[in-house]
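Note sheet for the following structure.
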Amino acid sequence: MEFAIATAIGVLAASGIYLLLRARTFDVILGLTLLSYATNLLIFAAGRPVVGKPPVLRDGVAQTLANYSDPLPQALVLTAIVIAFAMTAVTVVVAMREHADLHTDHVDGEEPDDAARGGDR
Amino acid sequence: MKRRMLPSIPQSLTVFAFWLLMAQDVSPGNVVMALLLAWLMPLLAARLEREFARLGRLRGGFRLIGRLLVDIVIANITVARQVLGPESRLRSQFVWIPLDLTNIHGISALTSVITLTPGTVSAELSEDRKYLLVHCLSTDDPQALVAEVKARYEAPLREIFP
Amino acid sequence: MTIIDIAIIVGMHVVGLAMLLSLWRLLRGPTAPDRILALDTLYISAIAQLIMFGMLLDTEVYFEAALIIAMLGFVGTVVLSKYVVRRDIVE
Amino acid sequence: MSTVFEIVVIFLLAVGCFFTLLGGVAMVKLSDFFRRVHGPAKASTLGVGCVLFASIIYHWVNGSGVHPREILITVFLFLTAPISAHLMSRAALSLMDDRPPHPDRTPDADEKVVDREDPAPPERQ
Amino acid sequence: MNHLPVLPVLVPLVTGALLLLLERRHRISVQRIWAWLGMLAMLAVSVTLLVQVQREDMLVYLLGDWPAKLGITLMVDRLSALMVLTTTLLALPCLMYACAGWDKRALHFHALFQMQLAGLNGAFLTGDLFNLFVFFEVMLIASYGLLLSGARGARIKAGMHYVVFNIAASVVFLMALGLLYGMLGTLNMTEMAARIAAAPPERTMLIHAGAGLLLLVFCAKAALLPLYLWLPEAYARAPAAVAALFTVMTKVGLYAILRVYTLMFGEAAGPLANLAWDWLLPAGAATIVLAALGVIGAPRLRIGVAYLVLLSAGTLFVAFSLANPGAISAGLYYLAHSVFVSASLFLLADIIQRHRGSNGDYLMPIASMPNKTLPAALFLIAAVSIAGLPPLSGFIGKLQLLNSVPEAQLAWIWAVILGSSLMTIIGLSRSGTRLFWRIDSETDHEAPPVRRAEIGAVVLLLAYGIAMTVAAGPVLRYTNAAATQLLDVDTYIQTLRQTDPQIREPSP
Amino acid sequence: MLELLLALPFVLALVVALSANASRRTHAWLAGLVPLLGLTLLGLLAGDVFDGSILKTQYAWIPEAGLDFSLRVDGLAWTFALLVLGIGGLVVLYGHYYLSAKDSPRRFFTYLLLFMGAMLGMVIAGNLLLLAVFWELTSISSFLLIGFWSHRQDARQGARMALTITGMGGLALLGGVLLIGRIVGSYDLDTVLASGELIRASHLYPWALGLVLLGIFTKSAQFPFHFWLPHAMAAPTPVSAYLHSATMVKAGVFLLARLHPALAGSELFFYVVTSVGAATLLVGAWFAIFQHDLKGLLAYSTISHLGLITLLFGLSTEMAVVAGLFHILNHAMFKASLFMAAGIIDHECGTRDMRRLGNLRRLMPATSLLAIVASLAMAGIPLLNGFLSKEMFFAEALEIGGHGTMRTIVSIAALLAGVFGIAYSLRFVHDTFFGKGPRALDVVPHEPPRWMRIPVGVLAILCVVVGIVPALTIGPLLHTMVRGTLGAAAPEFSLSVWHGINLPLLMSIASVVLGVALYFGLRRLLDFHAVVTRSIGRNVFQLNVEALFALARRFTARVANGSLQRSLFLMIAIALLLAGTPMLGGTFELLATLGRPQPLPVVGWVLWAVLVAATIGTVVVHGKRLTALIVIGAVGLAVSLIFVHLSAPDLALTQLLVEMVTIALMMMALNYLPKQSKVSRRPLRKARDIAIAGVAGGGLAVLAYAMMMSPADTISSELLVRSLPEAYGRNVVNVILVDFRGFDTFGEIAVFGIAALVVHALLRWARLKPDEVIPGPPAQLPIAADLTQLLFPLALTVSIYLFLRGHNAPGGGFIAGLVFAVPVLVKYVLQGARAVEATFGFDYLRGIAIGLLLAVLGGVGSWWFGVPFMTSGHLDLDVPLIGLLPLASALVFDTGVYVVVFAGTLLMLSTMGTVKHRQAAEEAR
Ligand code: NA
Ligand code: NA
């Protein structure tokens, strides 16, 4: 199982990084999304995941990590998910505005050939 | 006044039952809570709804649900055969079903029913709301299908949503 | 392990297969509605998985998740379809 | 647990899983969107419904108590599945080359081919 | 119960929320009054905090009354108190400047401004690594808002770069947190420090990797070479009051490095001891060199000032990575100084930009500038100070830094630091002569009014610098004490472990 | 008293600067007060100083840095202060008449007083660091003075050049001073001066000396840094007279004198200082001959004289020091008067070009007489002061002991310098006051106002008086000065005009003869008018500076080209470096020691397959955006299911809900973005990115695997134990969120709320054009809308349920808030924005504010019980009929979360969804 989680993290991260390095805002946003999945899984993995032991206390079951999975990384991931969402929202809107104001969806706000012709004075 | 305080009694009832069902506990506290929600939730929902469903006679409704459950099961088997069989045997086509129902809630219910019963998926309601476009997975006689739908489902629905 | 447990496990595998089939359609397309349909189906299969998983562990903690998928899982479908139809989601 | 219940639960599970799988098969096997949509739109819905009933019975009998609220899942599913199907059909229709003409009207002459992968309105192409 | 440590977060947050409530119904003047009330309260809080820290060395605040390692702890030492006070002092003139008009043009300005302060203060006060991340995010998202509210065109473009880069850095932050929690099982920095010191060797590699990623994040936020490319445009495009406030943002990264890599990876960390400094010293020096080139090559005044911010960051990197009390103390003094002075330069650049009409703050075209006497005088003071020329605060900071360089590294570090001063002199004297000396006052365009609040803001910022010069003795005594305290990790661990909850049972 | 002396110029500078409406005369008087009062104070101090005592005051300023505010006046300092104030006074007087109506006297006198203060501080500083401080201040104030006529390009360039060179020197000096401090352990001047042995013995001595000398040489315009001085002549003439002859350029030689006991006395010192001085002496004198500009000639002559003084200090014998000090005074007198005379000529004739001047003795006889006297002093003609120090110089040059070669070189240099000196003095006198001319002037020159001539006169008379009766006039002063410089080592000497016929006298005579011959010889050989003088130093400097600017500009533009891709690539590369370095050694060993992983059932692999396939699918189709968004939806679902599978129901719920909102957000944005990516034609870049992404992903996978396989050691078990009894919740994740780590959540909702604000701020007034518009009326979706009618109240009920139950079961404020918001979103989609907003009517902005305040309130409540922020309380309320109602104070906080999340989500979505409507409304207005 650890192997599966680790490879999943690896694939997500690699894909995310590849997209992050693209030149279009939308691709970058996709990349960030994939990367944050990878991150969330990584944090989650820090709790040494197990199957079928959600950290919701039940009567008569000893309150130890043998019976419940580590709740702390879960809480951290929750926070991370929410923050990632907030950041995605902002990025998306900036991308919209960039496209509207600068008429391109290149991450640098100008097509590379424009820049070569002479950018800022 | 009643409309402002209790916009829709069926909705209130639904919420009431829903809460108790979900809480799985009929303690006084939960009943109070359920009552409170049964009053508040429709009020809140009313801010978003233009019109609530007006119900006619409900007796036909239970019969309809029963019939529906049976139809779903039986017809699913048909679909299973059709899907698993060779595709070349399928004779799919679109059929426009003329509607007698005018109540939008009724039309909605009919659409759902048609979709849930196998062999048909409702695809579009014409803009004038007089026809419903249905896709049949396999039928040789569209007119028979139209007739069956109108008789089996539309008629009882017209009673519930007059 | 009871016979029911075995049945549940087998069931989970069957539903898993269904998910893989949906995945195939999702990746294959060819049209946007096809992919939307595949995603929608994935969501519905997920409910079955959750329920069976809950049965297997004899726990209720997955109820909320299943409920949410059943209740709101169609949001993606709604939004995507509306986009295909109109481009503008909120009109 | 009594055998009767075992049989009922297993039967429901079997039916449920079968139909769920059927939905998947329909999606892969059939050649056209409107044919494919039949599978998930109800086979899967029914399948999940069956599994849910199996679960209710199982929990009820198996000791952890009656959980009738799982019915709610079915209710929601039956409420939302048609919406999904309806909207997806609308989407597919809007991309069709030859939409079924409105029975009161003659078909438009200027309908053109559209990119189904990522649709754009005809007038832009 | 002393609730002071949590107030620097709560006061601006509540103020911000109230301002948001007021936004729709009330005129801008009402908002301003409330914003100022909040600021003054904040000032009172930060001063009190500083005084208390001097009296009690360290304040520990157990949020939720949980034992330190279970919950989140606020730890106020001299360093934190200094950072909070610096931020507040900086925020005052920024707000003053914004109230001269920008706040009407940027939607939600006042609320975002306060939130930014809450984020900054939270980052300075928290003793928990994940909580640090959260407050980093509060600070960043508010900064996105401040940068982009009311923005168009080029600023949006700069914003895109800034936002994406920072989000990517935050992602790495989370990865580092995951690794570190996974290996250490706690998030309280002090507790982590204790566990790192006791970590068995087979865990070192993973902890080291986590520490490396963390270092990357902080360096990215602090704009260390080569992770600084985002900074010049973002700072140069931001609205003046915001750019001025942003000068403290790079310092948050530096603060975090100082905090984490002295506390967690300090002398006591066994094989991981002092792992940051070897990387940072050359990178910091290289940053200085590149930033100095940037100062010289800047086509616009504000770009130049942005590079000055970078230059000060590089200087601080050098100071901190020397990791001796003297250098850290000098760094802290220099940090406060550079925040104030570069902020004043951003504000001045904006005033100049407006006065020069269509030529903005571009250095190239010869343009007249009406009413230039006062801005020119203020520019001179700021330039002297930022270049590290005597007698102003920049000089004192650099002097102390030069003094604390150990003899082994003396030659090249001195060369870099003194050389950067020279480059700054060359760059700023060119900017100054081009902006103020080009043509006599007769002009083609109408002089915009000199708004008193704007000039006042600049004067206030420069006055801080002058006060820091006059009172350099006491200030340096404080920073010395802060630096000494910072390097004494054992006391942190002891203090934390001896702080018991009020009513709850302590952790076994 | 010393404080008062120092404060005077600064205080009055401020007064002048602030007296905007005062008349020119007032400004001059205010400025004049400084030398008047200052000289009075000096007079009061004179008694003690001439008695040989050292006056000191000291205040602690920055004891940590060894920087005390200490002032110290001995003979040397007193004399220099006299020079600064005395000539300062004359310059103020002169300047008042010199400035034209266009020049701002306020600005001029402010700068001048600032400079005077800086100079004064420099000479009376009792702490080396303080001295360095004032040293730099002189650079800055001189920069302002040189650039006083800022509209002139030469003024701007000259000012910047001076600042750059002297600024560099100042920084070097600072370094040197710091090294001295390191060696001595103190910056106190007395201590430093007493530690000469220690300093010279230190291994840091060469560095310290080199840096200090760099400061000195740049300030005193020594070769090869001399070129800034002629260009500083763009300054108004009073400034040149003051700074560039009498005072500032003397700062260097002053320091040479000041630190003589500490630094001098080594071979290194001797060779370096002597040779630099000699070189400067010759270069300056030679170039002076070929200047056409009066001030240019004077500037080069100044360089030469400064070289002479430097050379004398380099020789390091006591009498050489005496000669050096003497020449400092003499030079100040004649050169200041010459500059002022040049200024008068410029003022009256409108030019300083000697090629157009001539025969002025007819037109302005008095001025001419004074100038000629001063020139002769400069030339070293007997009975004038210049002669005396020059004789001493010749004598010292001939008496260098023990350095044979050096002696010859220096002696020849001395003679040559004397010759050149005669030549340029002659040129000055001849070309200006005699011969033909003046030519092509716009005005007819005549004598200047009397008060403008008086300063020149005073100085010229001093030259004569000192030249004739040195022992009576300047003798005591020089003695005091020498004693201040050399302390106990001060030699006995007497000043007299006639020493008999000796070698120095013969050298003087020879130099006069040769000088005259040289001048007239040169005149015959070449036409002075045609000689084009170029400053090589300046050109080199200018080229270097330009090259620096160009390099900086190009480099910066190349590196910081604004490319986000580059930034991100660097970040990833550095991440690989920092996280990869520790992995290089021992990764395999570590992996080998790890145990066996837990088995994964086939269903798990199915989820894995969905995740991986959909992820890769997203990358493959990323160019087609709609498709990519649909496919990435499956990734999100798979992640949620993994969370479910691995015991994290809360996470699964959150992930699912966030997924829904995200997809809505993305689809809204997609409407305003191009629907397809442009195809990039850079296969190499692609390959590079794939490689680095692969390596990074692989590395992260290894780290994750190793981490998961390492045994855990976490504080979480205590969280599990204390959750129920102390925080009253069974769902430990939720308890962590609202209690253990509630402060995180606090920050998190702040982030969420602010994000919504940002979205709102960015789109509120934005004008966006959809990428493409599908014509036709809005789509009517009556059936779907109708079906959601039933869904909506139920969803709200579920939301309340999840909220209330969250503490004990999966749920909680955040999840509940989203469950509330998502159905409203569906309403927006199905019914249209107008319909929803017309009836729903929540002010989401205020919702965010109220939510945040509620969250604070929930935390602050605990203060009332004397416990920290966010300490949870618990209350079992016994309500009749209903029974026990468990109330946790965390509920208030969670309500805040709920409200913020609901309002924030809807603010974002509605703002994005209604861009078009707002725009339409805007256009309609
Ligand atoms: Na949280
Ligand atoms: Na929760």
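Identifiers in this document derive from the order of the structure tokens: chains are assigned A, B, ..., residues are numbered from 1 separately in each chain, and ligands are numbered from 1 in order of occurrence.
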
Need to verify the contact set: region 409-422 of chain E, 9 Å, only C-alpha atoms, exclusion of same-chain residues closer than 2 positions in sequence. Can you return it as a PDB file with N, CA and C atoms, in the first residue's frame?
```
ATOM      1  N   ALA E 285      25.615  36.689  -0.492  1.00  0.00           N
ATOM      2  CA  ALA E 285      26.586  37.612  -1.082  1.00  0.00           C
ATOM      3  C   ALA E 285      26.304  37.791  -2.570  1.00  0.00           C
ATOM      4  N   ALA E 286      25.997  36.685  -3.243  1.00  0.00           N
ATOM      5  CA  ALA E 286      25.691  36.785  -4.673  1.00  0.00           C
ATOM      6  C   ALA E 286      24.436  37.617  -4.893  1.00  0.00           C
ATOM      7  N   ILE E 288      23.513  40.071  -3.107  1.00  0.00           N
ATOM      8  CA  ILE E 288      23.911  41.470  -2.966  1.00  0.00           C
ATOM      9  C   ILE E 288      24.475  41.979  -4.292  1.00  0.00           C
ATOM     10  N   VAL E 289      25.351  41.187  -4.882  1.00  0.00           N
ATOM     11  CA  VAL E 289      25.993  41.644  -6.108  1.00  0.00           C
ATOM     12  C   VAL E 289      24.960  41.852  -7.214  1.00  0.00           C
ATOM     13  N   ALA E 291      21.753  42.256  -6.932  1.00  0.00           N
ATOM     14  CA  ALA E 291      20.828  43.332  -6.601  1.00  0.00           C
ATOM     15  C   ALA E 291      21.476  44.684  -6.857  1.00  0.00           C
ATOM     16  N   ALA E 292      22.758  44.763  -6.543  1.00  0.00           N
ATOM     17  CA  ALA E 292      23.446  46.033  -6.779  1.00  0.00           C
ATOM     18  C   ALA E 292      23.452  46.347  -8.268  1.00  0.00           C
ATOM     19  N   LEU E 293      23.693  45.332  -9.080  1.00  0.00           N
ATOM     20  CA  LEU E 293      23.618  45.546 -10.528  1.00  0.00           C
ATOM     21  C   LEU E 293      22.217  46.003 -10.916  1.00  0.00           C
ATOM     22  N   LEU E 311      18.601  43.991  -2.183  1.00  0.00           N
ATOM     23  CA  LEU E 311      19.949  44.160  -1.677  1.00  0.00           C
ATOM     24  C   LEU E 311      19.958  44.053  -0.154  1.00  0.00           C
ATOM     25  N   THR E 315      21.915  41.402   2.171  1.00  0.00           N
ATOM     26  CA  THR E 315      22.741  41.792   3.313  1.00  0.00           C
ATOM     27  C   THR E 315      22.315  41.038   4.573  1.00  0.00           C
ATOM     28  N   VAL E 318      23.498  37.519   4.565  1.00  0.00           N
ATOM     29  CA  VAL E 318      24.893  37.433   4.979  1.00  0.00           C
ATOM     30  C   VAL E 318      24.994  37.571   6.492  1.00  0.00           C
ATOM     31  N   ILE E 386      19.926  54.495   2.867  1.00  0.00           N
ATOM     32  CA  ILE E 386      19.880  53.145   2.297  1.00  0.00           C
ATOM     33  C   ILE E 386      21.237  52.750   1.738  1.00  0.00           C
ATOM     34  N   ALA E 387      22.008  53.739   1.315  1.00  0.00           N
ATOM     35  CA  ALA E 387      23.329  53.403   0.786  1.00  0.00           C
ATOM     36  C   ALA E 387      24.296  53.048   1.913  1.00  0.00           C
ATOM     37  N   GLY E 388      23.864  53.268   3.132  1.00  0.00           N
ATOM     38  CA  GLY E 388      24.739  52.945   4.245  1.00  0.00           C
ATOM     39  C   GLY E 388      25.781  54.015   4.494  1.00  0.00           C
ATOM     40  N   LEU E 389      25.480  55.232   4.039  1.00  0.00           N
ATOM     41  CA  LEU E 389      26.411  56.322   4.297  1.00  0.00           C
ATOM     42  C   LEU E 389      26.117  56.898   5.667  1.00  0.00           C
ATOM     43  N   LYS E 398      25.284  48.667   8.862  1.00  0.00           N
ATOM     44  CA  LYS E 398      26.401  48.060   8.133  1.00  0.00           C
ATOM     45  C   LYS E 398      27.662  48.052   8.977  1.00  0.00           C
ATOM     46  N   LEU E 402      29.802  44.838   9.617  1.00  0.00           N
ATOM     47  CA  LEU E 402      31.219  44.730   9.271  1.00  0.00           C
ATOM     48  C   LEU E 402      32.030  44.338  10.500  1.00  0.00           C
ATOM     49  N   VAL E 405      31.978  40.480  11.305  1.00  0.00           N
ATOM     50  CA  VAL E 405      32.471  39.460  10.380  1.00  0.00           C
ATOM     51  C   VAL E 405      33.740  38.843  10.964  1.00  0.00           C
ATOM     52  N   PRO E 406      33.760  37.540  11.087  1.00  0.00           N
ATOM     53  CA  PRO E 406      34.970  36.920  11.625  1.00  0.00           C
ATOM     54  C   PRO E 406      36.139  37.089  10.654  1.00  0.00           C
ATOM     55  N   GLU E 407      37.326  37.053  11.200  1.00  0.00           N
ATOM     56  CA  GLU E 407      38.475  37.452  10.398  1.00  0.00           C
ATOM     57  C   GLU E 407      38.695  36.552   9.190  1.00  0.00           C
ATOM     58  N   THR E 424      25.347  51.313  -4.774  1.00  0.00           N
ATOM     59  CA  THR E 424      24.121  52.018  -4.434  1.00  0.00           C
ATOM     60  C   THR E 424      24.326  53.519  -4.594  1.00  0.00           C
ATOM     61  N   ILE E 425      25.477  53.984  -4.149  1.00  0.00           N
ATOM     62  CA  ILE E 425      25.755  55.418  -4.298  1.00  0.00           C
ATOM     63  C   ILE E 425      25.710  55.792  -5.771  1.00  0.00           C
ATOM     64  N   ILE E 426      26.379  54.968  -6.589  1.00  0.00           N
ATOM     65  CA  ILE E 426      26.413  55.288  -8.019  1.00  0.00           C
ATOM     66  C   ILE E 426      25.001  55.291  -8.593  1.00  0.00           C
ATOM     67  N   GLY E 427      24.253  54.236  -8.262  1.00  0.00           N
ATOM     68  CA  GLY E 427      22.905  54.120  -8.815  1.00  0.00           C
ATOM     69  C   GLY E 427      21.999  55.236  -8.350  1.00  0.00           C
TER      70      GLY E 427
ATOM     71  N   THR F 164      31.211  59.657  -6.449  1.00  0.00           N
ATOM     72  CA  THR F 164      31.595  58.264  -6.625  1.00  0.00           C
ATOM     73  C   THR F 164      33.008  58.015  -6.119  1.00  0.00           C
ATOM     74  N   GLY F 167      33.207  58.917  -2.421  1.00  0.00           N
ATOM     75  CA  GLY F 167      32.374  57.957  -1.686  1.00  0.00           C
ATOM     76  C   GLY F 167      33.104  56.634  -1.564  1.00  0.00           C
ATOM     77  N   MET F 168      33.708  56.201  -2.657  1.00  0.00           N
ATOM     78  CA  MET F 168      34.481  54.969  -2.613  1.00  0.00           C
ATOM     79  C   MET F 168      35.587  55.087  -1.573  1.00  0.00           C
ATOM     80  N   LEU F 171      34.244  54.778   1.892  1.00  0.00           N
ATOM     81  CA  LEU F 171      33.962  53.408   2.311  1.00  0.00           C
ATOM     82  C   LEU F 171      35.259  52.678   2.643  1.00  0.00           C
ATOM     83  N   ALA F 172      36.281  52.944   1.830  1.00  0.00           N
ATOM     84  CA  ALA F 172      37.570  52.321   2.115  1.00  0.00           C
ATOM     85  C   ALA F 172      38.093  52.795   3.460  1.00  0.00           C
ATOM     86  N   GLY F 175      36.464  51.033   6.174  1.00  0.00           N
ATOM     87  CA  GLY F 175      37.064  49.718   6.362  1.00  0.00           C
ATOM     88  C   GLY F 175      38.384  49.811   7.108  1.00  0.00           C
TER      89      GLY F 175
END
```

Q: Select the residues contacting ligand 2 at a distance of at most 10 Å, based on only C-alpha atoms and all ligand atoms, then format the selection as a ChimeraX atom specification.
A: /A:74-75,78 /F:649-651,653-654,731-738,802-803,805-816,894

Select residues of chain B: the criterion is any atom within 6 Å of an atom of chain F, counting only C-alpha atoms; output as a short mmCIF file (atom, residue, chain, number, x, y, z; two decimals) with C-alpha atoms, in the first residue's frame.
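Result file is out34.cif:
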```
data_model
loop_
_atom_site.label_atom_id
_atom_site.label_comp_id
_atom_site.auth_asym_id
_atom_site.auth_seq_id
_atom_site.Cartn_x
_atom_site.Cartn_y
_atom_site.Cartn_z
CA PRO B 28 -37.85 15.40 22.29
CA GLY B 29 -34.84 17.47 21.48
CA MET B 41 -35.87 25.57 5.87
CA ALA B 45 -35.86 27.91 0.36
CA ARG B 47 -36.32 32.96 -1.03
CA LEU B 48 -35.13 31.05 -4.05
CA SER B 108 -40.43 17.33 -14.33
#
```

Q: Pick out the chain D residues within 7 Å of chain C. Count only C-alpha atoms. Give them as a VMD selection string.
A: chain D and resid 6 10 13 to 14 17 20 to 21 24 to 25 27 to 28 33 40 44 48 51 to 52 55 73 76 to 77 80 84 87 to 88 91 to 92 94 116 to 119

Q | For Leu486 (chain E): contacts at 9 Å, only C-alpha atoms, fewer than 6 positions along chain excluded, given as an NGL selection string | A | :E and (77-79 or 258-259 or 262-263 or 325 or 492)

Could you turn the residues from that selection into a file that holds N, CA, C and O atoms, as an mmCIF file, in the first residue's frame?
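Output below, filename result.cif:
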```cif
data_model
loop_
_atom_site.group_PDB
_atom_site.id
_atom_site.type_symbol
_atom_site.label_atom_id
_atom_site.label_comp_id
_atom_site.auth_asym_id
_atom_site.auth_seq_id
_atom_site.Cartn_x
_atom_site.Cartn_y
_atom_site.Cartn_z
ATOM 1 N N ASP E 77 9.406 36.153 21.900
ATOM 2 C CA ASP E 77 10.706 36.498 22.452
ATOM 3 C C ASP E 77 11.065 37.889 21.931
ATOM 4 O O ASP E 77 10.235 38.562 21.309
ATOM 5 N N ARG E 78 12.288 38.310 22.182
ATOM 6 C CA ARG E 78 12.639 39.672 21.785
ATOM 7 C C ARG E 78 12.536 39.851 20.275
ATOM 8 O O ARG E 78 12.108 40.882 19.776
ATOM 9 N N LEU E 79 12.930 38.805 19.577
ATOM 10 C CA LEU E 79 12.889 38.889 18.117
ATOM 11 C C LEU E 79 11.457 39.104 17.628
ATOM 12 O O LEU E 79 11.184 40.003 16.826
ATOM 13 N N LEU E 258 15.662 32.653 10.243
ATOM 14 C CA LEU E 258 16.362 32.904 11.493
ATOM 15 C C LEU E 258 15.762 32.071 12.620
ATOM 16 O O LEU E 258 16.468 31.445 13.407
ATOM 17 N N ARG E 259 14.458 32.065 12.640
ATOM 18 C CA ARG E 259 13.773 31.343 13.705
ATOM 19 C C ARG E 259 14.023 29.841 13.595
ATOM 20 O O ARG E 259 14.496 29.198 14.520
ATOM 21 N N THR E 262 17.847 28.641 13.620
ATOM 22 C CA THR E 262 18.583 28.730 14.877
ATOM 23 C C THR E 262 17.962 27.799 15.907
ATOM 24 O O THR E 262 18.662 27.131 16.652
ATOM 25 N N LEU E 263 16.630 27.755 15.917
ATOM 26 C CA LEU E 263 15.964 26.963 16.958
ATOM 27 C C LEU E 263 16.036 25.471 16.630
ATOM 28 O O LEU E 263 16.497 24.669 17.430
ATOM 29 N N PRO E 325 26.234 36.203 17.475
ATOM 30 C CA PRO E 325 25.295 37.163 18.062
ATOM 31 C C PRO E 325 25.472 38.568 17.502
ATOM 32 O O PRO E 325 24.483 39.251 17.238
ATOM 33 N N TYR E 492 14.841 27.998 25.338
ATOM 34 C CA TYR E 492 13.536 27.857 24.685
ATOM 35 C C TYR E 492 12.893 26.540 25.098
ATOM 36 O O TYR E 492 11.731 26.493 25.493
#
```
